[in-house]
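Before any comments, here is the structure.
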Amino acid sequence: MPGIDGFIYPNEVELQWSVLIVLYPFLTGLVAGAFILASLERVFNVAAVKPTYRLALLTALAFLLVAPLPLQMHLGHPERSFEMYLTPHRESAMAMFGFVYLWYLMAVLVLEIWFDYRKDLVLTWRASTGLKKWLYGAFTLWSDDISDAALRVDDRVGRFITIVGIPSAFLLHGYVGFIFGSVKANPWWSTPLMPVVFLFSAIVSGVALVMLLYIALSRLRRVSVDMRCLDTIAKYLLYAFIIDFSLEMLDLIHRIYEADESLRALDFMVKTRLFVSQIVVQIMLGTLVPIVLLGLTQLVRFAERTRRAIYVLAGATTLIGIMAMRWNVVIGGQLFSKSFLGYTTYKMGFATREGLLPAILIMMLPFVILAILLRLLPPWPSGHDVKA
Amino acid sequence: MDETRRAFLAGAGKYIILTGAASLAWDYVVAGQPAQAPNYTATDHWWGMIIDIDKCIGCGLCVRACKAENDVLNEPGRFRTWVERYQVDPADMDHPTVDSPNGAYDGFPEIDKPGGGVKVFFVPKMCNHCAHSPCVQVCPVGATFESPDGVVLVDKDRCLGCRYCVQACPYGCRYIDPRTHTADKCTLCYHRITKGLTTACCEACPTGARQLVDLKNPNDPVHEFMRTHKVHVLKPQMATGAKVYYNGLDGSVR
Amino acid sequence: MGERSRPYAHVLRVAGLFLFGFAVFLVVRWALVPADFGRLGFYRAGALDSARAVKVRYAGEATCVDCHEEPAQLRKGQGHERVRCEACHGPLGRHADGDFETDKPRALNPRLFCWPCHAELAGRPALIPQMDPKDHAVGESCIECHKPHRPKAESQ
């Protein structure tokens, strides 16, 4: 049969999880990473990154709202997906993730945003008329107490939520890693390192995204970029990247050394079908290039404009690399047969339900939602930047 | 009454009675509701299968019977059971040549008898109805489960079609039915075994290579068979509790 | 609302909203989860009934023999004794049910019924007689020498 080399089990002729399932860990990873960046300021008091605090939270929300969409479009029966909440199988990582997602969305992200924005929401409520007034009234749950005492409560509760939110963010994306890592039938996925690798690559991608958004939005708003903020973000991005790269190399070296039954199948696959996406895009372009670029900025004192350009390049290649990583895990894990004797090919459609076009549209949607959120909940009120 | 008329009446009578008896038996057989087949207690049984590699001739009748019995689509990638042909060079057991043309629905095409001590044999595959099934473990909504009598089934009214179970099965025995958009796989002909019939594949197998077994039945020949033969399950390192026991399984089988 | 509402009053509103949402969830859960879910295990017990309600298509040898004793007797003592009726004659559930018109045992074409088992094929264990279709009685029909229910040829 075309596209098949060697022997695959007869039922393996079609891939089960498509590009939409590649998008899903990418989206939730951005959420976790953006949130970790936000918590750097709130919990670890890295004051320098405060200008991006609210932007990071809104970014996390925009992407988290879109995350279930690729899953729904992939399911055979999306109308039954609520069953995961009604009769969740406690032994199933996927079922438990439904609750982790809900917890993170409602109890962490939405609440943290609410408590942080509450004062501004009340002020907007008071100052507007008509439909807008009703809308902001609803946002504030019609409580207009912004006395010092109430704001102190907000600050304490917000801080508490962020503290709870950090392990929740770790759990959110670590769990996605576990959904793959716990499948003993698939040696490309099955490793205890999977949740950790996913988590650190999530942090890398989320931080890079917020960094790029901050630069882009500052451009759009025609305000100057806070370089101290940007330099600090880039530094943390580098640290996270070094850890992420080390973990992925550890996994690779371990596999090659142990050389168990699956290695020859996987090795061949990486050298042929996965060569471009894994070696070229993920490792060289998506990991080594940004690490070298970011490392350079730590060693050599570049001018502001040069640094910004480097950060843009590093951020963009990072995002491409992390997307490639998700592709290599999800699609790569399905290209070889569980018999270890053959390979198949992924035929991605274009304008089909699980094709490239819906994937592109889904990737664009969070930016649309973010634009709306930026209007409803401006991170930088009254046109001035929040100074650290 | 003369001879021929008596003979005719006797013959006709026998015919009527036999048809009636068969029809009655058949009514019992087609009765789908447990209320009409009340003498089946699930917890009295623990189903499995024995597959004897030394007897499989690779005719593919089991594959056809399964598709006919269970209304399975005759297209690539939808197999509840299939047969694989292995060509193994004992000097290189890690690299067998394996093929399964359309799951062996039409048997196997002739090949030149390989020389050099290469051995050739056939391996029927199916759902192993694992006692510690990884597919049951990962299902998010309890749509796949192990019945009280040891058969792993899919609840088509609850399955979301998320395909996690297809990923989790180490044996590749699951697939998605494009008509229902739900997971599908061998049901061990649950609708037959609960009525005292054997599975369609066992019914069709001309050499007795496939045998349904009830491990809870003390009179089942499986106990003696397991005592006197060396049996093996597929991928034992996965600790799935597979209940399809192979006799004569070569180490090169995946 | 009193002159000085508690500074955490808005927190209580949020908490109230969440509790309300949780209550709605519980009601929906009670309404939508099937009553027999969880009775036998983590699944809908009715699924077992659905699995058993599938139409049976192969009648099974015992049912065939109920009416057709003669072929069963004929097969005794020779190799085809252990080949069940429907392995060659196909699924005959409806026929056994009395529908003698639509479900007839097929006229057996040797190419479809004899060679798939009896042709020489690499890897085929020697438990049944096998011959090379290219030089065994070429051009002749198998049943000229081998009666299907008593396949040993006169010459054997």
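So you can find residues: chains in the structure tokens are A, B, ... in the order shown, residues in each start at 1, and ligands are numbered from 1 in order.
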Residues of chain C within 9 Å of chain A, only C-alpha atoms counted, as a PyMOL selection string: chain C and resi 5-11+13-14+18+25-26+28-30+32-33+37+42-43
Close residues, Asn11 in chain A itself excluded, 9 Å, only C-alpha atoms, min 3 positions apart in chain, as a PyMOL selection string: (chain A and resi 8+14) or (chain B and resi 76-80+103+172-175)
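Proximity of A:Gly165, A:Pro2, A:Pro70, A:Pro78 to Leu105 in chain A, computed with only C-alpha atoms, is greatest for A:Gly165.
Between chain C and the candidates B:Gly196, B:Gly48, B:Pro124, B:Pro206, the tightest atom-to-atom separation, counting only C-alpha atoms, involves B:Pro206.
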For chain C, the nearest of the candidates B:Gln137, B:Ser147, B:Thr228, B:Thr240, counting only C-alpha atoms: B:Ser147
Interface residues on chain C facing chain B, 7 Å, only C-alpha atoms, written as number ranges by chain: C: 42-43, 47, 49, 51-58, 60, 63, 66-67, 82-84, 86-87, 96-98, 116-117, 121-125
Near-range 209-214 of chain A list (7 Å; only C-alpha atoms; drop same-chain fewer than 6 positions) as a PDB file with N, CA, C and O atoms, in the first residue's frame:
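Result file follows (part_14.pdb):
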ATOM      1  N   ALA A  34       2.540  31.252  29.945  1.00  0.00           N
ATOM      2  CA  ALA A  34       2.175  32.651  30.179  1.00  0.00           C
ATOM      3  C   ALA A  34       1.871  32.874  31.654  1.00  0.00           C
ATOM      4  O   ALA A  34       2.258  33.886  32.243  1.00  0.00           O
ATOM      5  N   THR A  52       4.219  43.181  32.006  1.00  0.00           N
ATOM      6  CA  THR A  52       3.589  42.130  31.213  1.00  0.00           C
ATOM      7  C   THR A  52       2.623  41.289  32.045  1.00  0.00           C
ATOM      8  O   THR A  52       2.055  40.336  31.533  1.00  0.00           O
ATOM      9  N   ALA A  56       0.032  38.805  30.284  1.00  0.00           N
ATOM     10  CA  ALA A  56       0.247  37.355  30.382  1.00  0.00           C
ATOM     11  C   ALA A  56      -1.031  36.645  30.810  1.00  0.00           C
ATOM     12  O   ALA A  56      -1.386  35.590  30.271  1.00  0.00           O
ATOM     13  N   LEU A 230      11.880  43.508  29.275  1.00  0.00           N
ATOM     14  CA  LEU A 230      12.144  42.578  28.174  1.00  0.00           C
ATOM     15  C   LEU A 230      13.414  41.772  28.433  1.00  0.00           C
ATOM     16  O   LEU A 230      13.470  40.560  28.201  1.00  0.00           O
ATOM     17  N   ILE A 233      12.646  39.080  30.945  1.00  0.00           N
ATOM     18  CA  ILE A 233      11.883  37.975  30.348  1.00  0.00           C
ATOM     19  C   ILE A 233      12.815  37.089  29.527  1.00  0.00           C
ATOM     20  O   ILE A 233      12.762  35.858  29.614  1.00  0.00           O
ATOM     21  N   VAL A 312      13.001  39.125  19.094  1.00  0.00           N
ATOM     22  CA  VAL A 312      11.904  38.761  18.180  1.00  0.00           C
ATOM     23  C   VAL A 312      12.254  37.492  17.435  1.00  0.00           C
ATOM     24  O   VAL A 312      11.459  36.551  17.334  1.00  0.00           O
ATOM     25  N   GLY A 315      12.214  34.573  19.881  1.00  0.00           N
ATOM     26  CA  GLY A 315      10.840  34.220  20.251  1.00  0.00           C
ATOM     27  C   GLY A 315      10.132  33.478  19.146  1.00  0.00           C
ATOM     28  O   GLY A 315       9.458  32.459  19.382  1.00  0.00           O
TER      29      GLY A 315
END
Interface, chain A side, toward chain B (10 Å; only C-alpha atoms) as a count of residues only: 56
Sel. of helix (DSSP H, G or I) residues, range 146-379 of chain A, as a ChimeraX atom specification: /A:148-181,193-221,227-258,261-271,275-299,304-330,332-335,356-376
